[in-house]
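Novice: For reference, the file my_file22.txt (compact mmCIF, N, CA and C atoms) is included below:
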# COMPACT_ATOMS: atom_id res chain seq x y z
N MET A 1020 17.17 -11.65 -27.36
CA MET A 1020 16.75 -13.01 -27.64
C MET A 1020 15.28 -13.17 -27.25
N ALA A 1021 14.52 -13.77 -28.14
CA ALA A 1021 13.09 -13.95 -27.91
C ALA A 1021 12.84 -15.10 -26.93
N THR A 1022 11.82 -14.93 -26.13
CA THR A 1022 11.46 -15.99 -25.19
C THR A 1022 10.72 -17.10 -25.93
N TYR A 1023 10.58 -18.23 -25.27
CA TYR A 1023 9.86 -19.37 -25.87
C TYR A 1023 8.43 -18.98 -26.21
N LYS A 1024 7.78 -18.25 -25.34
CA LYS A 1024 6.39 -17.85 -25.57
C LYS A 1024 6.28 -16.95 -26.81
N GLU A 1025 7.23 -16.05 -26.99
CA GLU A 1025 7.23 -15.18 -28.16
C GLU A 1025 7.48 -15.97 -29.45
N GLN A 1026 8.33 -16.98 -29.38
CA GLN A 1026 8.62 -17.81 -30.55
C GLN A 1026 7.41 -18.63 -30.97
N GLN A 1027 6.62 -19.09 -30.02
CA GLN A 1027 5.49 -19.95 -30.30
C GLN A 1027 4.20 -19.18 -30.62
N LYS A 1028 4.20 -17.88 -30.43
CA LYS A 1028 3.00 -17.06 -30.55
C LYS A 1028 2.33 -17.20 -31.92
N ASP A 1029 3.06 -17.11 -32.99
CA ASP A 1029 2.48 -17.14 -34.33
C ASP A 1029 2.65 -18.49 -35.02
N LYS A 1030 3.05 -19.50 -34.30
CA LYS A 1030 3.29 -20.81 -34.88
C LYS A 1030 1.96 -21.50 -35.22
N LYS A 1031 1.94 -22.21 -36.34
CA LYS A 1031 0.75 -22.94 -36.79
C LYS A 1031 1.08 -24.42 -36.97
N TYR A 1032 0.10 -25.27 -36.76
CA TYR A 1032 0.24 -26.71 -36.95
C TYR A 1032 -0.81 -27.19 -37.94
N TYR A 1033 -0.54 -28.31 -38.57
CA TYR A 1033 -1.48 -28.93 -39.50
C TYR A 1033 -2.05 -30.17 -38.83
N VAL A 1034 -3.37 -30.26 -38.78
CA VAL A 1034 -4.06 -31.40 -38.19
C VAL A 1034 -4.72 -32.17 -39.32
N LEU A 1035 -4.37 -33.46 -39.45
CA LEU A 1035 -4.92 -34.32 -40.48
C LEU A 1035 -6.08 -35.11 -39.90
N ILE A 1036 -7.24 -35.03 -40.55
CA ILE A 1036 -8.45 -35.69 -40.07
C ILE A 1036 -9.02 -36.56 -41.18
N GLU A 1037 -9.39 -37.80 -40.82
CA GLU A 1037 -10.04 -38.71 -41.76
C GLU A 1037 -11.42 -39.05 -41.23
N ASP A 1038 -12.45 -38.64 -41.94
CA ASP A 1038 -13.84 -38.90 -41.56
C ASP A 1038 -14.12 -38.54 -40.10
N GLY A 1039 -13.62 -37.40 -39.66
CA GLY A 1039 -13.88 -36.93 -38.30
C GLY A 1039 -12.94 -37.48 -37.24
N VAL A 1040 -12.01 -38.35 -37.62
CA VAL A 1040 -11.05 -38.94 -36.67
C VAL A 1040 -9.67 -38.33 -36.90
N PRO A 1041 -9.08 -37.65 -35.91
CA PRO A 1041 -7.75 -37.07 -36.10
C PRO A 1041 -6.69 -38.16 -36.26
N LEU A 1042 -5.86 -38.02 -37.29
CA LEU A 1042 -4.78 -38.98 -37.54
C LEU A 1042 -3.45 -38.48 -37.01
N GLY A 1043 -3.28 -37.17 -36.90
CA GLY A 1043 -2.02 -36.65 -36.40
C GLY A 1043 -1.92 -35.15 -36.52
N THR A 1044 -0.93 -34.60 -35.82
CA THR A 1044 -0.63 -33.18 -35.85
C THR A 1044 0.79 -33.05 -36.37
N PHE A 1045 0.98 -32.15 -37.34
CA PHE A 1045 2.27 -32.03 -38.01
C PHE A 1045 2.69 -30.56 -38.06
N GLY A 1046 3.98 -30.34 -38.09
CA GLY A 1046 4.53 -28.98 -38.13
C GLY A 1046 4.54 -28.39 -39.52
N ASN A 1047 4.50 -29.23 -40.58
CA ASN A 1047 4.48 -28.71 -41.94
C ASN A 1047 3.79 -29.70 -42.87
N LEU A 1048 3.45 -29.24 -44.07
CA LEU A 1048 2.72 -30.07 -45.03
C LEU A 1048 3.55 -31.23 -45.55
N LYS A 1049 4.87 -31.06 -45.64
CA LYS A 1049 5.72 -32.17 -46.11
C LYS A 1049 5.57 -33.39 -45.20
N LYS A 1050 5.48 -33.18 -43.92
CA LYS A 1050 5.32 -34.29 -42.98
C LYS A 1050 3.95 -34.96 -43.14
N VAL A 1051 2.93 -34.19 -43.45
CA VAL A 1051 1.60 -34.75 -43.70
C VAL A 1051 1.67 -35.69 -44.89
N VAL A 1052 2.29 -35.22 -45.99
CA VAL A 1052 2.39 -36.02 -47.20
C VAL A 1052 3.24 -37.28 -46.97
N GLU A 1053 4.34 -37.16 -46.22
CA GLU A 1053 5.18 -38.32 -45.89
C GLU A 1053 4.39 -39.35 -45.07
N PHE A 1054 3.53 -38.88 -44.18
CA PHE A 1054 2.72 -39.77 -43.36
C PHE A 1054 1.72 -40.56 -44.20
N MET A 1055 1.26 -39.94 -45.30
CA MET A 1055 0.23 -40.55 -46.14
C MET A 1055 0.80 -41.35 -47.31
N VAL A 1056 2.09 -41.67 -47.31
CA VAL A 1056 2.70 -42.44 -48.38
C VAL A 1056 1.99 -43.78 -48.52
N GLY A 1057 1.69 -44.16 -49.76
CA GLY A 1057 1.02 -45.43 -50.02
C GLY A 1057 -0.49 -45.31 -50.11
N LYS A 1058 -1.02 -44.15 -49.78
CA LYS A 1058 -2.46 -43.93 -49.88
C LYS A 1058 -2.72 -42.94 -51.00
N GLU A 1059 -3.94 -42.91 -51.50
CA GLU A 1059 -4.29 -41.96 -52.55
C GLU A 1059 -4.36 -40.57 -51.94
N PHE A 1060 -3.30 -39.79 -52.16
CA PHE A 1060 -3.17 -38.48 -51.54
C PHE A 1060 -2.38 -37.59 -52.48
N PRO A 1061 -2.73 -36.30 -52.61
CA PRO A 1061 -2.01 -35.42 -53.52
C PRO A 1061 -0.59 -35.12 -53.05
N SER A 1062 0.22 -34.60 -53.95
CA SER A 1062 1.60 -34.28 -53.63
C SER A 1062 1.69 -33.00 -52.79
N TYR A 1063 2.85 -32.79 -52.24
CA TYR A 1063 3.12 -31.59 -51.45
C TYR A 1063 2.87 -30.33 -52.27
N TRP A 1064 3.35 -30.34 -53.52
CA TRP A 1064 3.24 -29.16 -54.38
C TRP A 1064 1.78 -28.83 -54.71
N THR A 1065 0.93 -29.81 -54.76
CA THR A 1065 -0.50 -29.57 -54.98
C THR A 1065 -1.12 -28.91 -53.75
N LEU A 1066 -0.75 -29.39 -52.57
CA LEU A 1066 -1.32 -28.86 -51.33
C LEU A 1066 -0.85 -27.44 -51.03
N VAL A 1067 0.39 -27.13 -51.37
CA VAL A 1067 0.95 -25.80 -51.08
C VAL A 1067 0.18 -24.71 -51.82
N ARG A 1068 -0.32 -25.02 -53.00
CA ARG A 1068 -1.02 -24.01 -53.80
C ARG A 1068 -2.44 -23.74 -53.33
N LYS A 1069 -2.98 -24.56 -52.47
CA LYS A 1069 -4.36 -24.37 -52.00
C LYS A 1069 -4.38 -23.31 -50.91
N ASP A 1070 -5.34 -22.39 -51.03
CA ASP A 1070 -5.44 -21.28 -50.07
C ASP A 1070 -6.49 -21.50 -48.99
N GLU A 1071 -7.45 -22.40 -49.24
CA GLU A 1071 -8.55 -22.55 -48.29
C GLU A 1071 -8.11 -23.29 -47.02
N ASN A 1072 -8.83 -23.02 -45.96
CA ASN A 1072 -8.60 -23.70 -44.69
C ASN A 1072 -9.96 -24.12 -44.17
N PRO A 1073 -10.27 -25.37 -44.04
CA PRO A 1073 -9.44 -26.55 -44.22
C PRO A 1073 -9.32 -26.97 -45.68
N ILE A 1074 -8.31 -27.74 -45.96
CA ILE A 1074 -8.12 -28.33 -47.28
C ILE A 1074 -8.83 -29.68 -47.27
N HIS A 1075 -9.75 -29.89 -48.21
CA HIS A 1075 -10.49 -31.15 -48.29
C HIS A 1075 -9.97 -31.98 -49.45
N ILE A 1076 -9.61 -33.24 -49.17
CA ILE A 1076 -9.17 -34.19 -50.18
C ILE A 1076 -9.88 -35.51 -49.89
N ASN A 1077 -10.80 -35.90 -50.76
CA ASN A 1077 -11.59 -37.12 -50.57
C ASN A 1077 -12.17 -37.15 -49.17
N GLN A 1078 -11.83 -38.16 -48.35
CA GLN A 1078 -12.35 -38.25 -46.99
C GLN A 1078 -11.44 -37.58 -45.96
N TYR A 1079 -10.37 -36.92 -46.43
CA TYR A 1079 -9.40 -36.28 -45.54
C TYR A 1079 -9.61 -34.77 -45.49
N SER A 1080 -9.29 -34.18 -44.36
CA SER A 1080 -9.28 -32.73 -44.19
C SER A 1080 -7.99 -32.35 -43.48
N ILE A 1081 -7.41 -31.24 -43.89
CA ILE A 1081 -6.21 -30.73 -43.24
C ILE A 1081 -6.54 -29.33 -42.74
N TYR A 1082 -6.47 -29.15 -41.42
CA TYR A 1082 -6.74 -27.86 -40.79
C TYR A 1082 -5.43 -27.23 -40.38
N LYS A 1083 -5.29 -25.94 -40.60
CA LYS A 1083 -4.14 -25.19 -40.11
C LYS A 1083 -4.60 -24.46 -38.85
N VAL A 1084 -4.04 -24.84 -37.71
CA VAL A 1084 -4.51 -24.31 -36.42
C VAL A 1084 -3.36 -23.64 -35.68
N PRO A 1085 -3.68 -22.64 -34.86
CA PRO A 1085 -2.63 -21.97 -34.07
C PRO A 1085 -2.16 -22.82 -32.91
N HIS A 1086 -0.94 -22.57 -32.51
CA HIS A 1086 -0.34 -23.26 -31.36
C HIS A 1086 -0.90 -22.67 -30.07
N HIS A 1087 -1.29 -23.54 -29.14
CA HIS A 1087 -1.80 -23.09 -27.83
C HIS A 1087 -1.01 -23.73 -26.73
For the file at hand, write its structure as C-alpha cells.
Specialist:
Amino acid sequence: MATYKEQQKDKKYYVLIEDGVPLGTFGNLKKVVEFMVGKEFPSYWTLVRKDENPIHINQYSIYKVPHH
C-alpha cells in the first residue's frame, strides 16, 4: 500500500487566475468550468484539448501546478 506522500507526489492542481488575482485551486478542469458557470468561458471539452500551460482565455489563465 502506497503512503500518502507517494500518492501525492505526482498530483497536479489547476489554479484559476483572473487579471493576476487567484480565484481558486481545483483538482480537475471540470470543477474549474463548473465554478465559471454564467460567465463567458469555454467548455470542458475545449479546455481538455489545449496542450499549453498556462491556458489563456480572455482575462483568465489556468495554470497546472504540482502539489507541494
Novice: Could you tell me which of A:Tyr1032, A:Asn1077, A:Tyr1023, A:Arg1068 comes closest to Thr1044 (chain A) if we count all atoms listed in the file?
Specialist: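 Between A:Tyr1032, A:Asn1077, A:Tyr1023, A:Arg1068, the residue approaching Thr1044 (chain A) most closely is A:Tyr1032.
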Novice: Please run DSSP on the backbone and report, as a list of chain:residue names, all residues within region 1021-1086 of chain A that come out as helix (DSSP H, G or I).
Specialist: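 Matching residues, listed in order: A:Tyr1023, A:Lys1024, A:Glu1025, A:Gln1026, A:Gln1027, A:Leu1048, A:Lys1049, A:Lys1050, A:Val1051, A:Val1052, A:Glu1053, A:Phe1054, A:Tyr1063, A:Trp1064, A:Thr1065, A:Leu1066, A:Val1067.
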Novice: For the atom pair CA of Asn1072 (chain A) and CA of Lys1024 (chain A), what is the interatomic distance in Å to one decimal place?
Specialist: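 Interatomic distance, CA of Asn1072 (chain A) to CA of Lys1024 (chain A): 25.0 Å.
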Novice: Around the point (-12.4, -39.4, -46.4), in the coordinates given by the file, pick out the residues reaching within 12 Å, counting only C-alpha atoms, and return them as a list of chain:residue names.
Specialist: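 Final list of nearby residues, as requested, is A:Leu1035, A:Ile1036, A:Glu1037, A:Asp1038, A:Gly1039, A:Val1040, A:Pro1041, A:Leu1042, A:Lys1058, A:Glu1059, A:Phe1060, A:Ile1074, A:His1075, A:Ile1076, A:Asn1077, A:Gln1078, A:Tyr1079, A:Ser1080, A:Ile1081.
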Novice: Could those selected residues go to a file with N, CA and C atoms, as a JSON list (two decimals), in the frame of the given file?
Specialist:
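Produced file selection.json, reproduced below:
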[["chain", "number", "residue", "atom", "x", "y", "z"],
["A", 1035, "LEU", "N", -4.37, -33.46, -39.45],
["A", 1035, "LEU", "CA", -4.92, -34.32, -40.48],
["A", 1035, "LEU", "C", -6.08, -35.11, -39.90],
["A", 1036, "ILE", "N", -7.24, -35.03, -40.55],
["A", 1036, "ILE", "CA", -8.45, -35.69, -40.07],
["A", 1036, "ILE", "C", -9.02, -36.56, -41.18],
["A", 1037, "GLU", "N", -9.39, -37.80, -40.82],
["A", 1037, "GLU", "CA", -10.04, -38.71, -41.76],
["A", 1037, "GLU", "C", -11.42, -39.05, -41.23],
["A", 1038, "ASP", "N", -12.45, -38.64, -41.94],
["A", 1038, "ASP", "CA", -13.84, -38.90, -41.56],
["A", 1038, "ASP", "C", -14.12, -38.54, -40.10],
["A", 1039, "GLY", "N", -13.62, -37.40, -39.66],
["A", 1039, "GLY", "CA", -13.88, -36.93, -38.30],
["A", 1039, "GLY", "C", -12.94, -37.48, -37.24],
["A", 1040, "VAL", "N", -12.01, -38.35, -37.62],
["A", 1040, "VAL", "CA", -11.05, -38.94, -36.67],
["A", 1040, "VAL", "C", -9.67, -38.33, -36.90],
["A", 1041, "PRO", "N", -9.08, -37.65, -35.91],
["A", 1041, "PRO", "CA", -7.75, -37.07, -36.10],
["A", 1041, "PRO", "C", -6.69, -38.16, -36.26],
["A", 1042, "LEU", "N", -5.86, -38.02, -37.29],
["A", 1042, "LEU", "CA", -4.78, -38.98, -37.54],
["A", 1042, "LEU", "C", -3.45, -38.48, -37.01],
["A", 1058, "LYS", "N", -1.02, -44.15, -49.78],
["A", 1058, "LYS", "CA", -2.46, -43.93, -49.88],
["A", 1058, "LYS", "C", -2.72, -42.94, -51.00],
["A", 1059, "GLU", "N", -3.94, -42.91, -51.50],
["A", 1059, "GLU", "CA", -4.29, -41.96, -52.55],
["A", 1059, "GLU", "C", -4.36, -40.57, -51.94],
["A", 1060, "PHE", "N", -3.30, -39.79, -52.16],
["A", 1060, "PHE", "CA", -3.17, -38.48, -51.54],
["A", 1060, "PHE", "C", -2.38, -37.59, -52.48],
["A", 1074, "ILE", "N", -8.31, -27.74, -45.96],
["A", 1074, "ILE", "CA", -8.12, -28.33, -47.28],
["A", 1074, "ILE", "C", -8.83, -29.68, -47.27],
["A", 1075, "HIS", "N", -9.75, -29.89, -48.21],
["A", 1075, "HIS", "CA", -10.49, -31.15, -48.29],
["A", 1075, "HIS", "C", -9.97, -31.98, -49.45],
["A", 1076, "ILE", "N", -9.61, -33.24, -49.17],
["A", 1076, "ILE", "CA", -9.17, -34.19, -50.18],
["A", 1076, "ILE", "C", -9.88, -35.51, -49.89],
["A", 1077, "ASN", "N", -10.80, -35.90, -50.76],
["A", 1077, "ASN", "CA", -11.59, -37.12, -50.57],
["A", 1077, "ASN", "C", -12.17, -37.15, -49.17],
["A", 1078, "GLN", "N", -11.83, -38.16, -48.35],
["A", 1078, "GLN", "CA", -12.35, -38.25, -46.99],
["A", 1078, "GLN", "C", -11.44, -37.58, -45.96],
["A", 1079, "TYR", "N", -10.37, -36.92, -46.43],
["A", 1079, "TYR", "CA", -9.40, -36.28, -45.54],
["A", 1079, "TYR", "C", -9.61, -34.77, -45.49],
["A", 1080, "SER", "N", -9.29, -34.18, -44.36],
["A", 1080, "SER", "CA", -9.28, -32.73, -44.19],
["A", 1080, "SER", "C", -7.99, -32.35, -43.48],
["A", 1081, "ILE", "N", -7.41, -31.24, -43.89],
["A", 1081, "ILE", "CA", -6.21, -30.73, -43.24],
["A", 1081, "ILE", "C", -6.54, -29.33, -42.74]]
Novice: Separation of atom N of Tyr1033 (chain A) and CA of Ala1021 (chain A), in Å?
Specialist: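 Distance between the two atoms: 22.5 Å.
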Novice: Quick one: 6 Å padding each side, axis-aligned, all listed atoms of region 1040-1055 of chain A - centre and edge lengths in Å to one decimal, as JSON?
Specialist:
{"center_x": -3.1, "center_y": -34.9, "center_z": -41.6, "size_x": 29.7, "size_y": 25.0, "size_z": 23.5}
Novice: Which is closest to Val1034 (chain A) among A:His1087, A:Glu1071, A:Gly1057, A:Val1051, if we use only C-alpha atoms?
Specialist: A:Val1051
Novice: To one decimal place in Å, what is the distance between atom N of Tyr1082 (chain A) and CA of Lys1050 (chain A)?
Specialist: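 If I compute the distance from atom N of Tyr1082 (chain A) to CA of Lys1050 (chain A), I get 13.0 Å.
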Novice: Skipping near chain neighbours, those fewer than 3 positions away, what residues fall within 7 Å of region 1025-1030 of chain A using only C-alpha atoms, listed as a list of chain:residue names?
Specialist: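 Final neighbour list, sorted by chain and number: A:Ala1021, A:Thr1022, A:Pro1085, A:His1086.
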Novice: Considering only strand (DSSP E or B) as DSSP defines it on the backbone, what residues of chain A qualify? List them as a list in words.
Specialist: Lys1031, Tyr1032, Tyr1033, Val1034, Leu1035, Ile1036, Glu1037, Val1040, Pro1041, Leu1042, Gly1043, Thr1044, Phe1045, Ile1074, His1075, Ile1076, Tyr1079, Ser1080, Ile1081, Tyr1082, Lys1083, Val1084 and Pro1085 of chain A
Novice: Which residues are near Tyr1063 (chain A)? Cut-off 7 Å, only C-alpha atoms, ignore same chain within fewer than 3 positions. Put them as a ChimeraX atom specification.
Specialist: /A:1048-1049,1052,1066-1067
